[in-house]
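Heads up, input.txt below (compact mmCIF, C-alpha atoms):
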# COMPACT_ATOMS: atom_id res chain seq x y z
CA MET N 1 23.19 -28.74 -13.65
CA LYS N 2 22.65 -25.35 -12.07
CA GLN N 3 21.93 -23.88 -15.49
CA ALA N 4 19.35 -26.58 -16.24
CA LEU N 5 17.65 -26.00 -12.88
CA ARG N 6 17.53 -22.29 -13.53
CA SER N 7 15.99 -22.66 -16.98
CA THR N 8 13.43 -25.13 -15.62
CA LEU N 9 12.47 -22.70 -12.87
CA PHE N 10 12.19 -19.91 -15.41
CA SER N 11 9.88 -21.99 -17.65
CA ILE N 12 7.73 -22.89 -14.64
CA LEU N 13 7.51 -19.19 -13.80
CA LEU N 14 6.41 -18.42 -17.36
CA LEU N 15 3.83 -21.21 -17.25
CA MET N 16 2.47 -19.87 -13.98
CA LEU N 17 2.06 -16.47 -15.59
CA CYS N 18 0.04 -18.12 -18.38
CA HIS N 19 -2.18 -19.85 -15.86
CA PRO N 20 -4.73 -17.05 -15.22
CA ALA N 21 -5.16 -16.64 -18.98
CA ALA N 22 -5.76 -20.38 -19.38
CA ILE N 23 -8.43 -20.35 -16.67
CA ALA N 24 -10.08 -17.37 -18.30
CA GLN N 25 -10.29 -19.27 -21.60
CA ASP N 26 -11.89 -22.27 -19.85
CA GLN N 27 -14.52 -20.03 -18.35
CA SER N 28 -15.25 -18.34 -21.67
CA THR N 29 -15.99 -21.70 -23.31
CA GLN N 30 -18.34 -22.64 -20.47
CA ALA N 31 -20.37 -19.47 -20.34
CA GLU N 32 -20.54 -17.24 -23.41
CA LYS N 33 -21.84 -14.23 -21.50
CA GLU N 34 -18.89 -14.09 -19.11
CA PRO N 35 -16.17 -11.62 -20.10
CA VAL N 36 -12.91 -13.22 -21.23
CA ILE N 37 -10.97 -11.72 -18.35
CA ASP N 38 -12.84 -10.24 -15.43
CA VAL N 39 -10.40 -7.44 -14.59
CA MET N 40 -12.01 -6.33 -11.35
CA GLY N 41 -12.73 -9.94 -10.34
CA LYS N 42 -8.99 -10.60 -10.07
CA VAL N 43 -8.57 -7.54 -7.88
CA VAL N 44 -11.63 -7.31 -5.62
CA ASP N 45 -12.25 -9.16 -2.39
CA HIS N 46 -13.77 -12.66 -2.39
CA ASP N 47 -15.46 -14.93 0.11
CA TYR N 48 -13.02 -17.71 -0.73
CA LEU N 49 -9.32 -18.24 -0.55
CA THR N 50 -7.46 -19.85 -3.44
CA LEU N 51 -4.52 -21.90 -2.23
CA VAL N 52 -2.60 -23.87 -4.88
CA GLY N 53 -5.65 -23.88 -7.13
CA VAL N 54 -8.08 -25.12 -4.46
CA LYS N 55 -10.90 -22.82 -3.41
CA ILE N 56 -11.42 -22.67 0.34
CA TYR N 57 -14.68 -21.00 1.27
CA LEU N 58 -14.45 -18.71 4.28
CA PRO N 59 -16.97 -18.17 7.09
CA ARG N 60 -19.64 -15.51 6.75
CA ILE N 61 -20.50 -13.39 9.78
CA LEU N 62 -23.49 -11.15 9.13
CA ILE N 63 -25.38 -8.76 11.35
CA VAL N 64 -28.95 -7.97 10.28
CA ASP N 65 -31.00 -5.65 12.50
CA GLY N 66 -28.88 -6.45 15.53
CA GLU N 67 -29.09 -10.21 15.05
CA LEU N 68 -25.89 -12.13 14.49
CA TYR N 69 -25.71 -14.88 11.86
CA VAL N 70 -22.67 -17.12 11.50
CA PHE N 71 -22.32 -19.55 8.58
CA GLY N 72 -19.54 -21.84 7.43
CA ASN N 73 -19.58 -20.34 3.95
CA THR N 74 -21.80 -18.52 1.47
CA ASN N 75 -23.44 -21.69 0.16
CA SER N 76 -24.48 -22.92 3.61
CA ALA N 77 -25.95 -19.47 4.26
CA ILE N 78 -28.14 -19.81 1.18
CA GLU N 79 -28.97 -23.47 1.82
CA SER N 80 -30.14 -22.74 5.37
CA GLY N 81 -32.96 -20.68 3.82
CA GLU N 82 -32.28 -17.64 5.97
CA PHE N 83 -30.42 -15.74 3.23
CA GLN N 84 -30.72 -15.33 -0.50
CA GLU N 85 -28.24 -13.99 -3.01
CA ILE N 86 -29.21 -10.94 -5.05
CA ASP N 87 -26.64 -9.44 -7.49
CA GLY N 88 -23.78 -11.15 -5.69
CA TYR N 89 -24.77 -9.79 -2.28
CA LEU N 90 -26.39 -11.72 0.52
CA VAL N 91 -29.82 -10.49 1.62
CA ARG N 92 -31.99 -11.98 4.38
CA ALA N 93 -34.83 -14.12 3.08
CA ASP N 94 -37.45 -11.52 4.05
CA GLY N 95 -35.60 -8.90 1.99
CA THR N 96 -33.82 -6.98 4.75
CA PRO N 97 -30.36 -5.95 3.60
CA VAL N 98 -27.34 -6.87 5.73
CA SER N 99 -26.56 -4.00 8.08
CA LEU N 100 -23.00 -5.07 8.87
CA ASP N 101 -20.97 -7.65 6.98
CA MET N 102 -18.18 -8.91 9.24
CA SER N 103 -17.33 -11.87 7.02
CA ILE N 104 -13.80 -13.15 6.81
CA THR N 105 -12.63 -12.45 3.27
CA SER N 106 -9.56 -13.36 1.25
CA HIS N 107 -7.97 -9.95 1.78
CA LEU N 108 -8.47 -10.20 5.54
CA MET N 109 -6.86 -13.65 5.49
CA TYR N 110 -3.86 -12.21 3.67
CA VAL N 111 -3.59 -9.41 6.23
CA TRP N 112 -3.48 -12.11 8.90
CA PHE N 113 -0.89 -14.05 6.92
CA GLY N 114 1.22 -10.90 6.75
CA ILE N 115 0.90 -10.36 10.50
CA ILE N 116 1.69 -14.03 11.27
CA PHE N 117 4.76 -14.02 9.01
CA SER N 118 6.06 -10.79 10.57
CA LEU N 119 5.45 -12.19 14.07
CA ILE N 120 7.31 -15.41 13.27
CA PHE N 121 10.17 -13.43 11.70
CA THR N 122 10.55 -10.94 14.55
CA ILE N 123 10.01 -13.40 17.43
CA TRP N 124 12.53 -15.76 15.86
CA ALA N 125 15.04 -12.91 15.57
CA ALA N 126 14.32 -11.69 19.11
CA ARG N 127 14.97 -15.16 20.55
CA ARG N 128 18.25 -15.38 18.69
CA TYR N 129 19.34 -11.98 19.99
CA SER N 130 18.34 -12.86 23.58
CA ARG N 131 20.46 -16.03 23.30
CA GLY N 132 23.40 -13.77 22.51
CA VAL N 133 23.74 -14.45 18.78
CA GLY N 134 24.20 -11.02 17.26
CA THR N 135 24.77 -9.14 20.53
CA THR N 136 27.92 -10.83 21.84
CA THR N 137 28.92 -12.34 18.50
CA GLU N 138 28.19 -11.19 14.98
CA PRO N 139 24.77 -12.10 13.46
CA ARG N 140 24.83 -15.55 11.89
CA GLY N 141 22.89 -16.84 8.91
CA VAL N 142 21.17 -15.14 5.97
CA THR N 143 17.83 -14.54 7.69
CA GLN N 144 19.30 -12.85 10.73
CA ASN N 145 21.48 -10.67 8.53
CA ILE N 146 18.46 -9.61 6.49
CA PHE N 147 16.61 -8.83 9.73
CA GLU N 148 19.49 -6.75 11.04
CA VAL N 149 19.89 -4.82 7.78
CA LEU N 150 16.16 -4.03 7.69
CA PHE N 151 15.94 -3.10 11.34
CA ILE N 152 18.99 -0.85 11.31
CA PHE N 153 17.75 0.76 8.10
CA ILE N 154 14.38 1.58 9.69
CA ARG N 155 16.02 2.78 12.91
CA ASP N 156 18.85 4.89 11.53
CA ASP N 157 17.66 6.06 8.12
CA ILE N 158 13.96 6.57 8.86
CA ALA N 159 13.24 6.95 12.59
CA LYS N 160 16.40 8.78 13.68
CA GLU N 161 16.42 11.00 10.62
CA TYR N 162 12.86 12.33 10.71
CA ILE N 163 11.74 12.07 14.36
CA PRO N 164 13.34 14.26 17.08
CA ALA N 165 16.29 12.53 18.74
CA ASP N 166 14.75 12.34 22.24
CA LYS N 167 11.55 10.62 21.05
CA TYR N 168 12.38 8.40 18.09
CA HIS N 169 12.91 5.15 20.05
CA LYS N 170 9.22 5.18 21.06
CA TYR N 171 8.09 4.87 17.44
CA ILE N 172 10.56 2.28 16.11
CA ASN N 173 8.20 -0.55 17.16
CA TYR N 174 5.37 0.82 15.07
CA LEU N 175 7.49 1.79 12.09
CA PHE N 176 9.30 -1.55 11.89
CA SER N 177 6.13 -3.63 12.28
CA VAL N 178 4.22 -1.60 9.69
CA PHE N 179 7.15 -1.95 7.29
CA LEU N 180 7.33 -5.73 7.72
CA VAL N 181 3.58 -6.28 7.47
CA ILE N 182 3.26 -4.16 4.32
CA THR N 183 6.28 -5.86 2.75
CA PHE N 184 4.85 -9.32 3.39
CA MET N 185 1.38 -8.32 2.18
CA ASN N 186 2.81 -6.79 -1.01
CA LEU N 187 5.03 -9.78 -1.72
CA PHE N 188 2.17 -12.26 -1.25
CA GLY N 189 0.63 -10.67 -4.35
CA LEU N 190 3.53 -12.04 -6.41
CA LEU N 191 2.70 -15.67 -5.59
CA PRO N 192 0.80 -17.46 -8.39
CA TRP N 193 -2.50 -17.66 -6.48
CA GLY N 194 -1.71 -14.98 -3.99
CA VAL N 195 -3.60 -11.80 -3.35
CA SER N 196 -1.93 -8.59 -2.26
CA ALA N 197 -4.17 -7.34 0.51
CA THR N 198 -2.72 -3.85 0.12
CA ALA N 199 -4.58 -3.56 -3.22
CA ASP N 200 -7.70 -3.05 -1.09
CA LEU N 201 -8.52 0.46 0.07
CA THR N 202 -9.94 -0.74 3.40
CA VAL N 203 -6.63 -2.36 4.36
CA THR N 204 -4.49 0.65 3.46
CA ALA N 205 -6.99 3.03 5.07
CA THR N 206 -6.74 1.06 8.31
CA LEU N 207 -2.95 1.28 8.24
CA ALA N 208 -3.07 5.00 7.44
CA GLY N 209 -5.64 5.44 10.22
CA ILE N 210 -3.21 3.97 12.75
CA THR N 211 -0.56 6.46 11.59
CA PHE N 212 -3.16 9.24 11.84
CA PHE N 213 -4.02 8.45 15.46
CA ILE N 214 -0.39 8.05 16.49
CA THR N 215 0.36 11.41 14.89
CA GLN N 216 -2.50 13.22 16.60
CA PHE N 217 -2.05 11.69 20.05
CA ASN N 218 1.65 12.49 20.08
CA GLY N 219 1.29 16.00 18.72
CA SER N 220 3.23 18.52 20.77
CA LYS N 221 1.84 21.84 21.94
CA ASP N 222 3.61 23.55 19.07
CA TYR N 223 1.95 21.26 16.53
CA TRP N 224 -1.53 22.23 17.64
CA GLN N 225 -0.52 25.87 17.97
CA HIS N 226 0.69 25.84 14.39
CA ILE N 227 -2.66 24.45 13.27
CA PHE N 228 -5.08 26.69 15.15
CA MET N 229 -3.06 29.80 15.98
CA PHE N 230 -0.23 30.10 13.50
CA PRO N 231 2.31 32.19 15.38
CA GLY N 232 3.73 35.32 13.84
CA VAL N 233 1.14 35.98 11.14
CA HIS N 234 -1.60 38.57 10.91
CA PRO N 235 -4.93 37.47 12.52
CA LEU N 236 -6.79 37.90 9.22
CA ILE N 237 -4.44 35.48 7.46
CA ARG N 238 -5.29 32.92 10.15
CA ILE N 239 -8.84 32.82 8.76
CA ILE N 240 -7.41 31.28 5.58
CA LEU N 241 -4.56 29.37 7.18
CA THR N 242 -6.49 27.55 9.93
CA PRO N 243 -8.97 25.71 7.65
CA VAL N 244 -6.14 24.74 5.31
CA GLU N 245 -4.11 23.37 8.21
CA ILE N 246 -7.11 21.48 9.61
CA LEU N 247 -7.72 20.00 6.17
CA GLY N 248 -4.05 19.09 6.02
CA ILE N 249 -4.41 16.85 9.09
CA PHE N 250 -6.77 14.61 7.14
CA THR N 251 -5.31 14.79 3.64
CA LYS N 252 -1.94 13.43 4.79
CA PRO N 253 -3.19 9.99 5.91
CA PHE N 254 -5.67 9.98 3.01
CA ALA N 255 -2.83 10.40 0.53
CA LEU N 256 -0.90 7.71 2.41
CA ALA N 257 -3.75 5.23 1.99
CA ILE N 258 -4.44 6.06 -1.67
CA ARG N 259 -0.76 5.91 -2.63
CA LEU N 260 -0.22 2.37 -1.38
CA PHE N 261 -3.60 1.19 -2.68
CA ALA N 262 -3.21 2.67 -6.16
CA ASN N 263 0.36 1.46 -6.57
CA MET N 264 -0.48 -2.14 -5.77
CA LEU N 265 -3.72 -2.05 -7.78
CA SER N 266 -2.10 -0.51 -10.85
CA GLY N 267 0.57 -3.22 -10.88
CA LYS N 268 -2.11 -5.90 -10.98
CA ILE N 269 -4.22 -4.17 -13.60
CA LEU N 270 -1.16 -3.57 -15.78
CA ILE N 271 -0.29 -7.28 -15.79
CA ILE N 272 -3.88 -8.25 -16.56
CA CYS N 273 -4.00 -5.68 -19.40
CA ILE N 274 -0.77 -6.92 -20.99
CA LEU N 275 -1.88 -10.55 -20.77
CA GLY N 276 -5.21 -9.43 -22.24
CA LEU N 277 -3.37 -8.24 -25.35
CA ILE N 278 -2.95 -11.93 -26.27
CA PHE N 279 -6.72 -12.23 -26.61
CA ILE N 280 -7.08 -8.90 -28.39
CA PHE N 281 -4.42 -9.96 -30.95
CA THR N 282 -6.15 -13.32 -31.39
CA ASP N 283 -9.43 -11.55 -32.04
CA ILE N 284 -7.97 -9.12 -34.59
CA PHE N 285 -5.26 -11.09 -36.42
CA GLY N 286 -6.31 -14.69 -35.82
CA PRO N 287 -5.02 -17.41 -33.50
CA LEU N 288 -1.57 -17.90 -35.10
CA ILE N 289 -0.36 -14.33 -34.55
CA GLY N 290 -2.17 -14.21 -31.22
CA VAL N 291 -0.41 -17.26 -29.87
CA SER N 292 3.01 -16.36 -31.28
CA SER N 293 2.79 -12.79 -29.96
CA SER N 294 2.15 -14.21 -26.48
CA VAL N 295 5.92 -14.83 -26.25
CA VAL N 296 6.41 -11.06 -26.19
CA TRP N 297 3.59 -10.36 -23.75
CA VAL N 298 4.50 -13.12 -21.33
CA SER N 299 8.15 -12.04 -21.21
CA LEU N 300 7.00 -8.44 -20.72
CA THR N 301 4.84 -9.68 -17.83
CA ALA N 302 7.86 -11.43 -16.34
CA ALA N 303 9.77 -8.14 -16.50
CA LEU N 304 6.81 -6.38 -14.88
CA TYR N 305 6.86 -8.99 -12.12
CA ILE N 306 10.42 -7.99 -11.27
CA LEU N 307 9.32 -4.34 -11.27
CA LYS N 308 6.40 -5.28 -9.01
CA ALA N 309 8.74 -6.98 -6.56
CA PHE N 310 10.81 -3.80 -6.45
CA ILE N 311 7.69 -1.63 -6.06
CA ALA N 312 6.44 -3.88 -3.25
CA LEU N 313 9.56 -3.07 -1.22
CA LEU N 314 9.66 0.58 -2.31
CA GLN N 315 6.04 1.24 -1.33
CA ALA N 316 6.54 -0.36 2.08
CA TYR N 317 9.57 1.92 2.50
CA ILE N 318 7.65 5.01 1.37
CA PHE N 319 4.72 4.25 3.67
CA THR N 320 7.08 3.87 6.63
CA LEU N 321 9.09 6.93 5.63
CA LEU N 322 6.03 9.19 5.30
CA SER N 323 4.58 7.84 8.57
CA ALA N 324 7.86 8.78 10.25
CA VAL N 325 7.84 12.21 8.59
CA PHE N 326 4.27 12.95 9.74
CA ILE N 327 4.89 11.67 13.28
CA GLY N 328 8.12 13.63 13.43
CA MET N 329 6.45 16.83 12.23
CA ALA N 330 3.82 16.52 14.96
CA ALA N 331 6.18 15.53 17.76
CA GLU N 332 8.71 18.25 17.02
CA GLU N 333 9.01 21.11 19.48
CA HIS N 334 10.02 24.41 17.90
CA ASN N 335 12.18 27.04 19.41
CA HIS N 336 9.81 29.98 19.51
CA GLU N 337 12.21 32.60 20.78
CA ASP N 338 12.75 33.92 17.26
CA HIS N 339 9.05 34.57 16.74
CA GLU N 340 8.70 36.27 20.11
CA THR N 341 11.63 38.61 19.61
CA ASN N 342 10.25 39.55 16.20
CA VAL N 343 6.84 40.34 17.70
CA ALA N 344 8.47 42.27 20.55
CA THR N 345 10.53 44.47 18.25
CA ALA N 346 7.49 45.06 16.05
CA THR N 347 5.43 46.29 19.02
CA GLU N 348 8.28 48.49 20.18
CA VAL N 349 8.46 50.12 16.77
CA ASN N 350 4.71 50.75 16.87
CA HIS N 351 4.97 52.47 20.25
CA MET D 1 -18.21 5.62 -24.04
CA MET D 2 -17.60 9.16 -22.86
CA GLY D 3 -16.18 7.67 -19.69
CA LEU D 4 -13.62 5.71 -21.71
CA LEU D 5 -12.69 8.83 -23.67
CA GLY D 6 -12.26 10.81 -20.47
CA ALA D 7 -10.23 8.03 -18.91
CA GLY D 8 -7.90 7.82 -21.92
CA LEU D 9 -7.34 11.57 -22.04
CA GLY D 10 -6.95 11.67 -18.27
CA ALA D 11 -4.35 8.90 -18.24
CA GLY D 12 -2.31 10.80 -20.82
CA LEU D 13 -2.50 14.07 -18.92
CA ILE D 14 -1.56 12.37 -15.64
CA THR D 15 1.48 10.80 -17.25
CA LEU D 16 2.47 14.17 -18.71
CA GLY D 17 2.20 15.99 -15.41
CA ALA D 18 3.79 13.34 -13.24
CA GLY D 19 6.53 12.78 -15.82
CA ILE D 20 7.47 16.47 -15.88
CA GLY D 21 7.38 16.64 -12.09
CA ILE D 22 9.47 13.55 -11.43
CA GLY D 23 11.80 14.49 -14.28
CA LEU D 24 12.49 17.84 -12.66
CA ILE D 25 13.21 16.10 -9.35
CA GLY D 26 15.57 13.70 -11.07
CA LYS D 27 17.29 16.59 -12.85
CA GLY D 28 17.75 18.45 -9.59
CA ALA D 29 19.01 15.38 -7.77
CA VAL D 30 21.51 14.40 -10.46
CA GLU D 31 22.85 17.95 -10.68
CA SER D 32 23.21 18.17 -6.90
CA ILE D 33 24.95 14.79 -6.72
CA ALA D 34 27.32 15.85 -9.49
CA ARG D 35 28.16 19.02 -7.58
CA GLN D 36 28.38 17.38 -4.16
CA PRO D 37 28.90 13.61 -4.45
CA GLU D 38 29.44 13.24 -0.70
CA ALA D 39 25.83 14.33 -0.01
CA SER D 40 24.34 11.74 -2.41
CA GLY D 41 22.72 9.73 0.39
CA ASP D 42 20.73 12.67 1.75
CA ILE D 43 19.81 13.84 -1.74
CA ARG D 44 18.54 10.39 -2.67
CA GLY D 45 16.32 10.31 0.41
CA ALA D 46 14.87 13.73 -0.34
CA MET D 47 14.38 12.75 -3.98
CA ILE D 48 12.38 9.63 -3.12
CA LEU D 49 10.30 11.58 -0.60
CA THR D 50 9.36 14.33 -3.07
CA ALA D 51 8.77 11.86 -5.89
CA ALA D 52 6.42 9.97 -3.57
CA PHE D 53 4.36 13.13 -3.05
CA ILE D 54 4.01 13.69 -6.80
CA GLU D 55 3.25 10.04 -7.31
CA GLY D 56 0.51 10.28 -4.71
CA VAL D 57 -1.24 13.11 -6.55
CA ALA D 58 -0.83 11.30 -9.88
CA LEU D 59 -2.32 8.15 -8.43
CA PHE D 60 -5.33 10.04 -7.07
CA ALA D 61 -6.03 10.94 -10.69
CA ALA D 62 -5.23 7.41 -11.86
CA VAL D 63 -7.84 5.99 -9.49
CA ILE D 64 -10.39 8.44 -10.91
CA THR D 65 -9.59 7.35 -14.48
CA ALA D 66 -9.92 3.71 -13.44
CA ILE D 67 -13.35 4.49 -11.99
CA LEU D 68 -14.33 6.28 -15.21
CA ALA D 69 -13.06 3.53 -17.49
CA LEU D 70 -14.73 0.73 -15.56
CA GLY D 71 -17.98 2.68 -15.43
CA ILE D 72 -18.44 2.39 -11.68
CA SER D 73 -21.12 4.84 -10.62
CA VAL D 74 -20.27 6.26 -7.21
Hey, can you dump this file as structure tokens for me?
Amino acid sequence: MKQALRSTLFSILLLMLCHPAAIAQDQSTQAEKEPVIDVMGKVVDHDYLTLVGVKIYLPRILIVDGELYVFGNTNSAIESGEFQEIDGYLVRADGTPVSLDMSITSHLMYVWFGIIFSLIFTIWAARRYSRGVGTTTEPRGVTQNIFEVLFIFIRDDIAKEYIPADKYHKYINYLFSVFLVITFMNLFGLLPWGVSATADLTVTATLAGITFFITQFNGSKDYWQHIFMFPGVHPLIRIILTPVEILGIFTKPFALAIRLFANMLSGKILIICILGLIFIFTDIFGPLIGVSSSVVWVSLTAALYILKAFIALLQAYIFTLLSAVFIGMAAEEHNHEDHETNVATATEVNH
Amino acid sequence: MMGLLGAGLGAGLITLGAGIGIGLIGKGAVESIARQPEASGDIRGAMILTAAFIEGVALFAAVITAILALGISV
């Protein structure tokens, strides 16, 4: 019984993997000019949300020359006569381009889903702990055990390890919430119609920006001294060192954003590329070999899905870890007595 | 067309560089764990951290190749 259920689930999973390819073939028969698989179309942001195969169009909020326009969806914006669509972008009927597009998009919705799921998860766990389950007794149930493992992992192995002992408790809130939100956002990308919002540079840049501001606002005196006035080096070397250090402030969060973005994006593109091999084989060797080779490609995609699930967790961990490392580096207070004694002995020798 | 050529060559070079880098990290980590198995937890943490830095640089380049291959003019 269990075996039968498992094999059924596995076949459904395989069929779901075939689904995007099937849709792409439908589209190609309808419009000859459309590419067979629109690689970027599966990855970029949309003005609709696909839930279980149903397209839900999302509201458009547009600001043109200081005037605010709110529409139920893109079509109603065009039908109202105030906007027209040129090359996939909305432009006001008199030709003025949109100055600020505040529309709710699919990626934004998935960010919200990630936040809502993390809130439900943490508030549920907090209520259980305040009722005494887990504090007076041992944690009960799978979900609470998962929560406790994750939380203790973030606290002991990330926060305590990389942030000075007297300050780390202040940052656990941020580190744990960013870990949960990124994990949920990454894992949503594994659902059949899901989108991983972290495959969008704006989302990851926002997250990295939060880390950037926390790092700068909690920088100790030593941190800024090491950037502008590196202690214990020759003044002429500071001319080279100071610009490099100032650049380093910005490259760290930039690398943080690009790393998460590129990892999630490459996973998606890889799966689309491997499924695309079915069509390439059909084109070159004919439909029989194309269809029979799809067994290989679809099972390879299934293996990649497992890898993607692992990468989703790993990237959330790496983002949290590097955030903790950067915050810890800035918050650390050095013991400068060594430098001072060195300088003192050097001056004595000179005299 | 030139963009595709550049992207293909670039992807190969990225893989080469990142592969050598992460391979050296793995070599160092395995050797250290073999010498000092009790420190394997710390070594694993340091390994993932350093590999993440290399991966970051490699992915910068990967994004550039993707831009080249898809012909997006920036």
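Distances to Glu55 of chain D were evaluated for D:Gly17, D:Gly28, D:Gly71, D:Gly6 using all atoms listed in the file, and the minimum falls at D:Gly17.
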Would you write out, as a Markdown table, a table of all residues in chain N that have an atom no more than 7 Å from an atom of chain D, listing for each the closest atom pair and the distance in Å to one decimal, considering all atoms listed in the file and ordering rows by chain and rising residue number?
| residue | atom | partner | partner_atom | distance |
| --- | --- | --- | --- | --- |
| N:Ala255 | CA | D:Gly56 | CA | 6.2 |
| N:Ile258 | CA | D:Phe60 | CA | 6.8 |
| N:Arg259 | CA | D:Gly56 | CA | 5.0 |
| N:Ala262 | CA | D:Leu59 | CA | 6.0 |
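The spacing separating atom CA of Leu275 of chain N from atom CA of Trp297 of chain N amounts to 6.2 Å.
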Go through D:Ile72, D:Ala7, D:Ile64, D:Ile54 and flag the residue nearest Ile22 of chain D, using only C-alpha atoms for the distances.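 Looking at the shortest contact to Ile22 of chain D, the residue is D:Ile54.
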Polymer residues at most 9 Å from Leu270 of chain N, all atoms listed in the file, same-chain spacing of 4 or more positions, as a tab-separated table (two decimals) with C-alpha atoms, in the coordinates of the input:
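Output below, filename part_2.tsv:
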chain	number	residue	atom	x	y	z
N	265	LEU	CA	-3.72	-2.05	-7.78
N	266	SER	CA	-2.10	-0.51	-10.85
N	274	ILE	CA	-0.77	-6.92	-20.99
N	275	LEU	CA	-1.88	-10.55	-20.77
N	301	THR	CA	4.84	-9.68	-17.83
N	304	LEU	CA	6.81	-6.38	-14.88
Report the distance between atom CA of Tyr48 of chain N and atom CA of Ser106 of chain N in Å, rounded to one decimal place.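 These atoms are spaced 5.9 Å apart.
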At a cut-off of 10 Å, using only C-alpha atoms, what residues contact segment 76-88 of chain N? Leave out same-chain residues fewer than 3 positions from it and give the result as a ChimeraX atom specification. /N:59-62,69-73,91-98
Taking C-alpha atoms for each residue, export the selection above as a PDB file, in the frame of the given file.
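Result written to result07.pdb:
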ATOM      1  CA  PRO N  59     -16.970 -18.170   7.090  1.00  0.00           C
ATOM      2  CA  ARG N  60     -19.640 -15.510   6.750  1.00  0.00           C
ATOM      3  CA  ILE N  61     -20.500 -13.390   9.780  1.00  0.00           C
ATOM      4  CA  LEU N  62     -23.490 -11.150   9.130  1.00  0.00           C
ATOM      5  CA  TYR N  69     -25.710 -14.880  11.860  1.00  0.00           C
ATOM      6  CA  VAL N  70     -22.670 -17.120  11.500  1.00  0.00           C
ATOM      7  CA  PHE N  71     -22.320 -19.550   8.580  1.00  0.00           C
ATOM      8  CA  GLY N  72     -19.540 -21.840   7.430  1.00  0.00           C
ATOM      9  CA  ASN N  73     -19.580 -20.340   3.950  1.00  0.00           C
ATOM     10  CA  VAL N  91     -29.820 -10.490   1.620  1.00  0.00           C
ATOM     11  CA  ARG N  92     -31.990 -11.980   4.380  1.00  0.00           C
ATOM     12  CA  ALA N  93     -34.830 -14.120   3.080  1.00  0.00           C
ATOM     13  CA  ASP N  94     -37.450 -11.520   4.050  1.00  0.00           C
ATOM     14  CA  GLY N  95     -35.600  -8.900   1.990  1.00  0.00           C
ATOM     15  CA  THR N  96     -33.820  -6.980   4.750  1.00  0.00           C
ATOM     16  CA  PRO N  97     -30.360  -5.950   3.600  1.00  0.00           C
ATOM     17  CA  VAL N  98     -27.340  -6.870   5.730  1.00  0.00           C
TER      18      VAL N  98
END
Given all atoms listed in the file as the counted atoms, nearest of N:Phe279, N:Phe217, N:Phe176, N:Tyr305 to Ser293 of chain N: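 Using all atoms listed in the file, Ser293 of chain N sits closest to N:Phe279.
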All residues 12 Å or closer to Ala303 of chain N, all atoms listed in the file, same chain fewer than 3 positions away omitted, as a ChimeraX atom specification: /N:13-14,17,267,270-271,274,296-300,306-310
Identify the residues around (12.7, 12.7, -10.3) within a radius of 10 Å, measuring from all atoms listed in the file in the coordinates stated by the file, and give them as a list of chain:residue names.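 So the residues meeting the distance criterion are D:Ala18, D:Gly19, D:Ile20, D:Gly21, D:Ile22, D:Gly23, D:Leu24, D:Ile25, D:Gly26, D:Lys27, D:Gly28, D:Ala29, D:Val30, D:Arg44, D:Met47, D:Ile48, D:Thr50, D:Ala51, D:Ala52, D:Ile54.
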Write out as a VMD selection string the residues lying within 12 Å of Ile154 of chain N, counting all atoms listed in the file and excluding same-chain residues fewer than 2 positions away. chain N and resid 147 to 152 156 to 163 168 to 169 171 to 180 316 to 321 323 to 324
Keeping only C-alpha atoms, write the selected residues to a file as a compact mmCIF listing (two decimals), in the coordinates of the input.
# COMPACT_ATOMS: atom_id res chain seq x y z
CA PHE N 147 16.61 -8.83 9.73
CA GLU N 148 19.49 -6.75 11.04
CA VAL N 149 19.89 -4.82 7.78
CA LEU N 150 16.16 -4.03 7.69
CA PHE N 151 15.94 -3.10 11.34
CA ILE N 152 18.99 -0.85 11.31
CA ASP N 156 18.85 4.89 11.53
CA ASP N 157 17.66 6.06 8.12
CA ILE N 158 13.96 6.57 8.86
CA ALA N 159 13.24 6.95 12.59
CA LYS N 160 16.40 8.78 13.68
CA GLU N 161 16.42 11.00 10.62
CA TYR N 162 12.86 12.33 10.71
CA ILE N 163 11.74 12.07 14.36
CA TYR N 168 12.38 8.40 18.09
CA HIS N 169 12.91 5.15 20.05
CA TYR N 171 8.09 4.87 17.44
CA ILE N 172 10.56 2.28 16.11
CA ASN N 173 8.20 -0.55 17.16
CA TYR N 174 5.37 0.82 15.07
CA LEU N 175 7.49 1.79 12.09
CA PHE N 176 9.30 -1.55 11.89
CA SER N 177 6.13 -3.63 12.28
CA VAL N 178 4.22 -1.60 9.69
CA PHE N 179 7.15 -1.95 7.29
CA LEU N 180 7.33 -5.73 7.72
CA ALA N 316 6.54 -0.36 2.08
CA TYR N 317 9.57 1.92 2.50
CA ILE N 318 7.65 5.01 1.37
CA PHE N 319 4.72 4.25 3.67
CA THR N 320 7.08 3.87 6.63
CA LEU N 321 9.09 6.93 5.63
CA SER N 323 4.58 7.84 8.57
CA ALA N 324 7.86 8.78 10.25
Could you jot down the atom CA of Thr122 of chain N to atom CA of Tyr110 of chain N separation for me, Å, one decimal place? 18.1 Å
